[in-house]
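All remarks here apply to the structure that follows.
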Amino acid sequence: MRVGTIASIPEVLTHLGADPAEVLAEVGIDLRLFDDPDHRISFAARSRLVQHCASRTDCRHFGLLVGQRGGLQSLGLVGLLVKYESDVGTALRSLVRYLHLHGSGTTVTLTVDDGMASLAFGISQSASEAGDHVGDAALAILFNILRALCGPDWQPVAVRFAHRRPQDILPFQRFFRAPLQFDEEHNALLFAGDWLNRPLAAADPELHRLLHEQIDALEAKYGEDLPSQVRGMLATSLLIGRSTADRVGTLLSLHVRTLHRRLRAHGTSFRALADEARHELARQLLCDTALNVSEVAAALDYADPRAFRRAFQRWTGTTPTRWRRQRRTP
């Protein structure tokens, strides 16, 4: 992943009274990595880094502090493309479509139901380590992006967190200034759908065309393979009930038959990727939230909790309850 979204880590460490060079060196990372936002770091290494920084500073809202310093500028070329779209809805759909160029392991999904829009963030790789901090940072960045696109009057109706309620929620209340909902199935910002129709003051068709050409060239050269993109889309689509092949194909601008054909060419299938995504999401929900097993099963679209238990035992060789207990045992 690009380090752009975590570029403020040295600043946050300094703010918390720690020596950035010393803390980073303890996990084998050179401070110079943060000299250029286009430098890359693996998703696993980033998760370990964030967790180490949070533990080292004893800051339970470290991810929030990092994310609230981010925004469109954190996303490089993708952020510029979003900024110069015609309206908020088109801008957010571009963010969803091209986020994979910023890095693998995470995804954003936009849905609208009964006039309420939801911008959701998901993790498509195993990331029990620092999953709560990563989610908090992402929500803060998405909050700043929406505020930049919509203006200072924009405010979410609710902010949902896919982790337990922290002991001190004051830092979250101060930043989001909206109702906070914890132990949710996914991280998301909920807001009135009317905002999606708002024209963007910075809209520039010619600049947008030039940026799109660069994005397309970048995708052709460095874009993830199709299975990785589908995994990313499924990370949040499963939790919001939009995980059909038709829906994912639409997000990727592919006809469903083309999607199936290209996945077969990669030696996999949509069904296999969906099963893999359910496994990852089940682990995250069991580890990071207090949802009971039946609630986790319902979140993953299992009509019968027994079917979920059988699937989980097939994935891990143990039951969800026993796996959760083992993960929480020091």
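Residues in the structure tokens are numbered from 1 in each chain, the chains being A, B, ... in the order shown, and ligands are numbered from 1 in the order shown.
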Checklist entry - Where does DSSP see alpha helix (DSSP H) in range 51-284 of chain A, if you list the residues as a PyMOL selection string? => result chain A and resi 51-57+62-67+77-83+88-98+131-150+170-176+205-222+226-237+245-251+256-265+270-284
Next on the checklist: Taking 5 positions as the minimum chain separation for residues in the same chain, which residues sit within 8 Å of Leu75 in chain A when counting only C-alpha atoms? Answer as a count of residues only.
Outcome noted: 4
Next on the checklist: Could you go through range 89-324 of chain A and tell me which residues DSSP, when run on the backbone, assigns to strand (DSSP E), listing them as a ChimeraX atom specification?
Outcome noted: /A:106-113,116-123,158-160,180-181,187-192
Next on the checklist: For Ile141 in chain A, find every residue with an atom within 9 Å (counting only C-alpha atoms), except residues of its own chain fewer than 4 positions away, and show them as JSON, numbers by chain.
Outcome noted: {"A": [5, 64, 66, 67, 68, 69, 70, 71, 72, 74, 136, 137, 145, 146]}
Include C-alpha atoms and write out the residues we just selected as a PDB file, in the first residue's frame.
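Saved as result_6.pdb:
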ATOM      1  CA  THR A   5      -2.903   7.345   4.354  1.00  0.00           C
ATOM      2  CA  LEU A  64      -8.248   8.053  14.812  1.00  0.00           C
ATOM      3  CA  VAL A  66      -3.662   9.292  12.175  1.00  0.00           C
ATOM      4  CA  GLY A  67      -6.823   9.291  10.060  1.00  0.00           C
ATOM      5  CA  GLN A  68      -8.071  12.730  11.075  1.00  0.00           C
ATOM      6  CA  ARG A  69      -4.942  14.219   9.503  1.00  0.00           C
ATOM      7  CA  GLY A  70      -5.740  12.537   6.151  1.00  0.00           C
ATOM      8  CA  GLY A  71      -8.091  13.221   3.277  1.00  0.00           C
ATOM      9  CA  LEU A  72      -8.141  13.401  -0.518  1.00  0.00           C
ATOM     10  CA  SER A  74      -3.634  11.061   1.103  1.00  0.00           C
ATOM     11  CA  ASP A 136     -10.910   4.180  12.848  1.00  0.00           C
ATOM     12  CA  ALA A 137      -8.299   5.802  10.587  1.00  0.00           C
ATOM     13  CA  ILE A 145     -13.168  13.447   2.156  1.00  0.00           C
ATOM     14  CA  LEU A 146     -16.930  13.925   2.423  1.00  0.00           C
TER      15      LEU A 146
END
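Distance check against Ala162 in chain A using only C-alpha atoms: of A:Cys59, A:Ala140, A:Leu210, A:Ala188, the minimum falls on A:Ala188.
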Item to check | Long-range neighbours of Arg324 in chain A as an MDAnalysis selection string, 8 Å cut-off, only C-alpha atoms, 3 positions minimum in chain | outcome: chainID A and resid 286:287 320:321 327:328
Store the residues picked out above, limited to C-alpha atoms, as a tab-separated table (two decimals), in the first residue's frame.
chain	number	residue	atom	x	y	z
A	286	LEU	CA	-15.41	-12.73	16.08
A	287	CYS	CA	-12.13	-11.09	17.06
A	320	PRO	CA	-16.52	-20.20	16.19
A	321	THR	CA	-16.93	-20.13	19.99
A	327	ARG	CA	-7.92	-15.72	20.38
A	328	ARG	CA	-8.82	-13.91	23.59
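Straight-line separation from CA of Val112 in chain A to CA of Val88 in chain A: 13.2 Å.
Picture a line from CA of Cys53 in chain A to CA of Asp19 in chain A; it runs 10.7 Å.
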